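Working notes, structure below.
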Amino acid sequence: MKERSILFSSPMARAILEGRKTMTRRVIKLDEFSESTTPGYDFAFRKRGLWHDVRLADMLNPPRRNYPVACPYGTIGDRLWVKETHHVRDAGYVDGTGRDIVYKADDEDFPYGWTPSIHMPRWASRITLEITGIRVERVWDITRDDAMDEGVERVDPYSITPDLPPGMQAAWKDYSRHGWVSSPVFSFRTLWDSINSKRAPWASNPWVWVIEFGRAK
């Protein structure tokens with residue numbers, strides 16, 4: 001079992017803590033991925049200099065849905081410690097227990113400034129995850145259930161638009177502005193672009209690692 005760090009935004013760290021987020025999608029970088037040149041195959045992954053066609057997983061006897069690939073976040077059973085935006089109250093009295101840490105996911109209005117998640121040390125992390133599944137797909141392939149497992153937030157549309165007619169169906173947060181959308185997939189789309197619009201916007205339908213996880217015990 002190996003342990004690696006992973007960055008999460010404050011809303012997504014809060015979603016993990018609340019039990020709403022059990023998976024994450026991360027863009028596949030070009031050095032991890034290549035279009036397959038083998039007829040009938042879509043893509044391939046490189047591991048230790050070798051290429052593995054993903055569909056080979058279905059040909060094995062018995063089939064192995066979790067055929068190992070070079071995912072930079074690890075493999076099933078590995079752990080991820082979460083980096084999130086935080087503030088160290090008094091560096092002179094830090095004891096490594098996290099008692100002197102304020103997390104933006106808990107208090108967005110904390111007045112003394114924030115340290116970006118990328119600079120969080122291991123001892124300050126309060127969330128450790130265990131990988132339970134890994135697969136590859138296009139980001140547009142996300143399902144309604146998966147979008148909810150990504151931690152998109154359900155909202156009350158009446159509190160945002162009070163003149164709505166009675167019987168309004170469930171609504172989910174629009175992460176691009178103050179508002180709501182009618183589908184968790186649409187909500188995830190706004191979340192995706194709020195994070196990845198510059199390097200891999202939703203419109204480009206990038207290949208992604210789909211990493212499923214649970215809280216490590």
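Residues are referred to by chain and number: the chain letter is A, B, ... according to the order shown in the structure tokens, the number counts from 1 in that chain, and ligands are numbered separately from 1 in the order shown.
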Residues near stretch 99-110 of chain A, cut-off 10 Å, only C-alpha atoms, skip fewer than 5 positions along chain, as a ChimeraX atom specification: /A:9-15,17,84-91,93-94,115-117,124-126
Go ahead and write the residues just picked, N, CA and C atoms, as an mmCIF file, in the first residue's frame.
```
data_model
loop_
_atom_site.group_PDB
_atom_site.id
_atom_site.type_symbol
_atom_site.label_atom_id
_atom_site.label_comp_id
_atom_site.auth_asym_id
_atom_site.auth_seq_id
_atom_site.Cartn_x
_atom_site.Cartn_y
_atom_site.Cartn_z
ATOM 1 N N SER A 9 -10.760 21.070 -3.622
ATOM 2 C CA SER A 9 -11.270 22.393 -3.282
ATOM 3 C C SER A 9 -12.004 22.318 -1.950
ATOM 4 N N SER A 10 -12.239 23.458 -1.339
ATOM 5 C CA SER A 10 -12.933 23.481 -0.048
ATOM 6 C C SER A 10 -14.339 22.901 -0.135
ATOM 7 N N PRO A 11 -15.145 23.227 -1.163
ATOM 8 C CA PRO A 11 -16.470 22.610 -1.255
ATOM 9 C C PRO A 11 -16.410 21.094 -1.375
ATOM 10 N N MET A 12 -15.401 20.573 -2.075
ATOM 11 C CA MET A 12 -15.298 19.131 -2.235
ATOM 12 C C MET A 12 -14.748 18.458 -0.973
ATOM 13 N N ALA A 13 -13.857 19.131 -0.252
ATOM 14 C CA ALA A 13 -13.410 18.603 1.040
ATOM 15 C C ALA A 13 -14.596 18.511 1.993
ATOM 16 N N ARG A 14 -15.449 19.533 1.968
ATOM 17 C CA ARG A 14 -16.644 19.516 2.816
ATOM 18 C C ARG A 14 -17.586 18.389 2.399
ATOM 19 N N ALA A 15 -17.701 18.149 1.094
ATOM 20 C CA ALA A 15 -18.556 17.074 0.608
ATOM 21 C C ALA A 15 -18.047 15.707 1.067
ATOM 22 N N LEU A 17 -16.307 15.166 3.856
ATOM 23 C CA LEU A 17 -16.579 15.104 5.288
ATOM 24 C C LEU A 17 -18.045 14.807 5.571
ATOM 25 N N GLU A 84 -6.028 20.585 1.405
ATOM 26 C CA GLU A 84 -7.111 21.555 1.268
ATOM 27 C C GLU A 84 -6.651 22.919 1.780
ATOM 28 N N THR A 85 -7.357 23.958 1.387
ATOM 29 C CA THR A 85 -7.016 25.306 1.814
ATOM 30 C C THR A 85 -7.169 25.422 3.319
ATOM 31 N N HIS A 86 -6.180 26.052 3.976
ATOM 32 C CA HIS A 86 -6.139 26.045 5.434
ATOM 33 C C HIS A 86 -5.398 27.278 5.952
ATOM 34 N N HIS A 87 -5.365 27.388 7.274
ATOM 35 C CA HIS A 87 -4.617 28.455 7.940
ATOM 36 C C HIS A 87 -4.046 27.897 9.244
ATOM 37 N N VAL A 88 -2.747 28.107 9.446
ATOM 38 C CA VAL A 88 -2.107 27.717 10.705
ATOM 39 C C VAL A 88 -2.223 28.900 11.658
ATOM 40 N N ARG A 89 -2.890 28.704 12.771
ATOM 41 C CA ARG A 89 -3.149 29.822 13.700
ATOM 42 C C ARG A 89 -1.861 30.442 14.221
ATOM 43 N N ASP A 90 -0.954 29.601 14.713
ATOM 44 C CA ASP A 90 0.289 30.108 15.298
ATOM 45 C C ASP A 90 1.374 29.072 15.043
ATOM 46 N N ALA A 91 2.221 29.342 14.056
ATOM 47 C CA ALA A 91 3.234 28.364 13.665
ATOM 48 C C ALA A 91 4.188 28.034 14.802
ATOM 49 N N TYR A 93 3.439 27.357 17.796
ATOM 50 C CA TYR A 93 2.868 26.421 18.759
ATOM 51 C C TYR A 93 2.239 25.205 18.097
ATOM 52 N N VAL A 94 2.523 24.995 16.821
ATOM 53 C CA VAL A 94 1.982 23.835 16.124
ATOM 54 C C VAL A 94 2.586 22.569 16.709
ATOM 55 N N THR A 115 -3.850 29.664 3.365
ATOM 56 C CA THR A 115 -2.724 29.039 2.684
ATOM 57 C C THR A 115 -3.284 28.098 1.625
ATOM 58 N N PRO A 116 -2.856 28.220 0.360
ATOM 59 C CA PRO A 116 -3.386 27.347 -0.697
ATOM 60 C C PRO A 116 -3.174 25.872 -0.365
ATOM 61 N N SER A 117 -4.080 25.060 -0.864
ATOM 62 C CA SER A 117 -4.043 23.627 -0.558
ATOM 63 C C SER A 117 -2.727 22.969 -0.947
ATOM 64 N N ALA A 124 -0.843 18.299 8.655
ATOM 65 C CA ALA A 124 -2.023 19.146 8.775
ATOM 66 C C ALA A 124 -3.254 18.539 8.118
ATOM 67 N N SER A 125 -3.078 17.479 7.339
ATOM 68 C CA SER A 125 -4.219 16.868 6.640
ATOM 69 C C SER A 125 -5.089 16.087 7.617
ATOM 70 N N ARG A 126 -6.391 16.287 7.511
ATOM 71 C CA ARG A 126 -7.336 15.595 8.399
ATOM 72 C C ARG A 126 -8.135 14.515 7.688
#
```
Can you pull out every residue within 6 Å of stretch 18-30 of chain A, counting only C-alpha atoms, but drop anything in the same chain fewer than 6 positions away, and send it as a PDB file with N, CA and C atoms, in the first residue's frame?
```
ATOM      1  N   ASP A 149     -22.423  11.211  -6.683  1.00  0.00           N
ATOM      2  CA  ASP A 149     -21.295  10.681  -5.914  1.00  0.00           C
ATOM      3  C   ASP A 149     -20.061  11.576  -6.018  1.00  0.00           C
ATOM      4  N   GLU A 150     -20.045  12.480  -7.004  1.00  0.00           N
ATOM      5  CA  GLU A 150     -18.970  13.465  -7.108  1.00  0.00           C
ATOM      6  C   GLU A 150     -19.135  14.575  -6.069  1.00  0.00           C
ATOM      7  N   GLY A 151     -20.268  14.582  -5.382  1.00  0.00           N
ATOM      8  CA  GLY A 151     -20.454  15.526  -4.288  1.00  0.00           C
ATOM      9  C   GLY A 151     -21.140  16.819  -4.648  1.00  0.00           C
ATOM     10  N   TRP A 207     -10.432  12.734 -21.680  1.00  0.00           N
ATOM     11  CA  TRP A 207     -10.323  11.456 -20.988  1.00  0.00           C
ATOM     12  C   TRP A 207      -9.983  11.737 -19.530  1.00  0.00           C
ATOM     13  N   VAL A 208     -10.567  10.962 -18.636  1.00  0.00           N
ATOM     14  CA  VAL A 208     -10.348  11.192 -17.206  1.00  0.00           C
ATOM     15  C   VAL A 208     -10.125   9.877 -16.460  1.00  0.00           C
ATOM     16  N   TRP A 209      -9.342   9.971 -15.392  1.00  0.00           N
ATOM     17  CA  TRP A 209      -9.301   8.897 -14.406  1.00  0.00           C
ATOM     18  C   TRP A 209     -10.535   9.044 -13.533  1.00  0.00           C
ATOM     19  N   VAL A 210     -11.279   7.982 -13.327  1.00  0.00           N
ATOM     20  CA  VAL A 210     -12.395   7.979 -12.385  1.00  0.00           C
ATOM     21  C   VAL A 210     -11.932   7.190 -11.168  1.00  0.00           C
ATOM     22  N   ILE A 211     -11.752   7.875 -10.070  1.00  0.00           N
ATOM     23  CA  ILE A 211     -11.203   7.256  -8.869  1.00  0.00           C
ATOM     24  C   ILE A 211     -12.297   7.196  -7.802  1.00  0.00           C
ATOM     25  N   GLU A 212     -12.662   6.004  -7.394  1.00  0.00           N
ATOM     26  CA  GLU A 212     -13.632   5.802  -6.329  1.00  0.00           C
ATOM     27  C   GLU A 212     -12.882   5.596  -5.020  1.00  0.00           C
ATOM     28  N   PHE A 213     -13.452   6.093  -3.932  1.00  0.00           N
ATOM     29  CA  PHE A 213     -12.748   5.995  -2.660  1.00  0.00           C
ATOM     30  C   PHE A 213     -13.709   5.969  -1.482  1.00  0.00           C
TER      31      PHE A 213
END
```
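Nearest-residue note for A:Ile127: choosing from A:Tyr73, A:Trp192, A:Tyr112, A:Trp81, the minimum distance belongs to A:Trp81, counting only C-alpha atoms.
Residues surrounding A:Val139 within 6 Å are Ile142, Asn205 and Pro206 of chain A [only C-alpha atoms; sequence separation below 3 positions excluded].
Pairwise distance (atom CA of A:Arg215, atom CA of A:Gly77) equals 11.6 Å.
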Closest of A:Cys71, A:Gly214, A:Arg144, A:Ala170 to A:Phe188 - atom-to-atom distances counting only C-alpha atoms: A:Arg144
Picked from stretch 175-209 of chain A by DSSP as helix (DSSP H, G or I), as a list in words: Pro184, Val185, Phe186, Ser187, Phe188, Arg189, Thr190, Leu191, Trp192, Asp193, Ser194, Ile195, Asn196, Trp202, Ala203 and Ser204 of chain A
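Note that the spacing between atom CA of A:Asp193 and atom CA of A:Tyr175 amounts to 8.6 Å.
Contact shell of A:Lys173 at 12 Å (only C-alpha atoms; same-chain neighbours under 4 positions omitted): Pro11, Ala147, Met148, Gly151, Val152, Glu153, Arg154, Val155, Asp156, Pro157, Ser159, Ile160, Arg177, His178, Gly179, Trp180, Val181, Ser182, Ser183, Pro184, Val185, Phe186, Ser187, Phe188, Arg189, Thr190 and Leu191 of chain A.
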Can I get the selection written as a short mmCIF file (atom, residue, chain, number, x, y, z; two decimals), in the first residue's frame, with C-alpha atoms?
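For reference, part-v7.cif as written:
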```cif
data_model
loop_
_atom_site.label_atom_id
_atom_site.label_comp_id
_atom_site.auth_asym_id
_atom_site.auth_seq_id
_atom_site.Cartn_x
_atom_site.Cartn_y
_atom_site.Cartn_z
CA PRO A 11 -16.47 22.61 -1.25
CA ALA A 147 -22.54 13.07 -10.57
CA MET A 148 -24.17 12.85 -7.16
CA GLY A 151 -20.45 15.53 -4.29
CA VAL A 152 -22.49 18.13 -6.17
CA GLU A 153 -24.59 20.03 -3.71
CA ARG A 154 -28.36 19.83 -3.62
CA VAL A 155 -29.98 23.22 -3.06
CA ASP A 156 -33.39 24.70 -2.35
CA PRO A 157 -34.41 26.60 -5.51
CA SER A 159 -34.34 30.24 -1.49
CA ILE A 160 -32.65 31.43 -4.70
CA ARG A 177 -22.64 31.57 -10.52
CA HIS A 178 -25.16 32.00 -7.73
CA GLY A 179 -28.01 29.83 -8.89
CA TRP A 180 -29.18 26.30 -9.55
CA VAL A 181 -29.62 23.74 -12.32
CA SER A 182 -32.14 20.95 -12.69
CA SER A 183 -29.75 18.00 -13.05
CA PRO A 184 -26.77 16.74 -11.02
CA VAL A 185 -24.93 16.16 -14.32
CA PHE A 186 -25.42 19.81 -15.28
CA SER A 187 -24.25 20.76 -11.79
CA PHE A 188 -21.12 18.66 -12.19
CA ARG A 189 -20.48 20.28 -15.56
CA THR A 190 -20.37 23.72 -13.91
CA LEU A 191 -18.15 22.31 -11.15
#
```
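Proximity ranking of A:Thr143, A:Glu130, A:Trp202, A:Ile6 relative to A:Lys83 places A:Ile6 first, based on only C-alpha atoms.
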Picked from stretch 88-137 of chain A by DSSP as strand (DSSP E or B), as a list of chain:residue names: A:Val88, A:Ile101, A:Val102, A:Tyr103, A:Thr115, A:Thr128, A:Leu129, A:Glu130, A:Ile131, A:Thr132, A:Gly133, A:Ile134, A:Arg135, A:Val136, A:Glu137
Hey, can you spit out that residue selection with N, CA and C atoms as a PDB file, in the first residue's frame?
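Result saved to out_26.pdb:
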```
ATOM      1  N   VAL A  88      -2.747  28.107   9.446  1.00  0.00           N
ATOM      2  CA  VAL A  88      -2.107  27.717  10.705  1.00  0.00           C
ATOM      3  C   VAL A  88      -2.223  28.900  11.658  1.00  0.00           C
ATOM      4  N   ILE A 101      -5.092  24.252  13.358  1.00  0.00           N
ATOM      5  CA  ILE A 101      -5.400  24.471  11.951  1.00  0.00           C
ATOM      6  C   ILE A 101      -6.856  24.885  11.781  1.00  0.00           C
ATOM      7  N   VAL A 102      -7.076  25.896  10.929  1.00  0.00           N
ATOM      8  CA  VAL A 102      -8.426  26.271  10.512  1.00  0.00           C
ATOM      9  C   VAL A 102      -8.553  25.881   9.043  1.00  0.00           C
ATOM     10  N   TYR A 103      -9.649  25.220   8.691  1.00  0.00           N
ATOM     11  CA  TYR A 103      -9.860  24.757   7.323  1.00  0.00           C
ATOM     12  C   TYR A 103     -10.951  25.601   6.660  1.00  0.00           C
ATOM     13  N   THR A 115      -3.850  29.664   3.365  1.00  0.00           N
ATOM     14  CA  THR A 115      -2.724  29.039   2.684  1.00  0.00           C
ATOM     15  C   THR A 115      -3.284  28.098   1.625  1.00  0.00           C
ATOM     16  N   THR A 128      -7.976  11.190   5.094  1.00  0.00           N
ATOM     17  CA  THR A 128      -7.237  10.174   4.362  1.00  0.00           C
ATOM     18  C   THR A 128      -8.233   9.243   3.687  1.00  0.00           C
ATOM     19  N   LEU A 129      -8.032   9.007   2.400  1.00  0.00           N
ATOM     20  CA  LEU A 129      -8.947   8.202   1.604  1.00  0.00           C
ATOM     21  C   LEU A 129      -8.273   6.906   1.178  1.00  0.00           C
ATOM     22  N   GLU A 130      -9.089   5.888   0.956  1.00  0.00           N
ATOM     23  CA  GLU A 130      -8.584   4.627   0.414  1.00  0.00           C
ATOM     24  C   GLU A 130      -9.236   4.376  -0.936  1.00  0.00           C
ATOM     25  N   ILE A 131      -8.418   4.131  -1.957  1.00  0.00           N
ATOM     26  CA  ILE A 131      -8.942   3.911  -3.311  1.00  0.00           C
ATOM     27  C   ILE A 131      -9.655   2.557  -3.369  1.00  0.00           C
ATOM     28  N   THR A 132     -10.890   2.574  -3.856  1.00  0.00           N
ATOM     29  CA  THR A 132     -11.679   1.344  -3.973  1.00  0.00           C
ATOM     30  C   THR A 132     -11.952   0.964  -5.423  1.00  0.00           C
ATOM     31  N   GLY A 133     -11.692   1.853  -6.352  1.00  0.00           N
ATOM     32  CA  GLY A 133     -11.935   1.549  -7.760  1.00  0.00           C
ATOM     33  C   GLY A 133     -11.291   2.581  -8.662  1.00  0.00           C
ATOM     34  N   ILE A 134     -10.846   2.136  -9.837  1.00  0.00           N
ATOM     35  CA  ILE A 134     -10.259   3.036 -10.832  1.00  0.00           C
ATOM     36  C   ILE A 134     -10.739   2.592 -12.207  1.00  0.00           C
ATOM     37  N   ARG A 135     -11.165   3.545 -13.008  1.00  0.00           N
ATOM     38  CA  ARG A 135     -11.500   3.242 -14.399  1.00  0.00           C
ATOM     39  C   ARG A 135     -11.212   4.481 -15.236  1.00  0.00           C
ATOM     40  N   VAL A 136     -11.375   4.344 -16.534  1.00  0.00           N
ATOM     41  CA  VAL A 136     -11.107   5.433 -17.467  1.00  0.00           C
ATOM     42  C   VAL A 136     -12.331   5.650 -18.338  1.00  0.00           C
ATOM     43  N   GLU A 137     -12.666   6.907 -18.583  1.00  0.00           N
ATOM     44  CA  GLU A 137     -13.777   7.222 -19.469  1.00  0.00           C
ATOM     45  C   GLU A 137     -13.659   8.676 -19.914  1.00  0.00           C
TER      46      GLU A 137
END
```
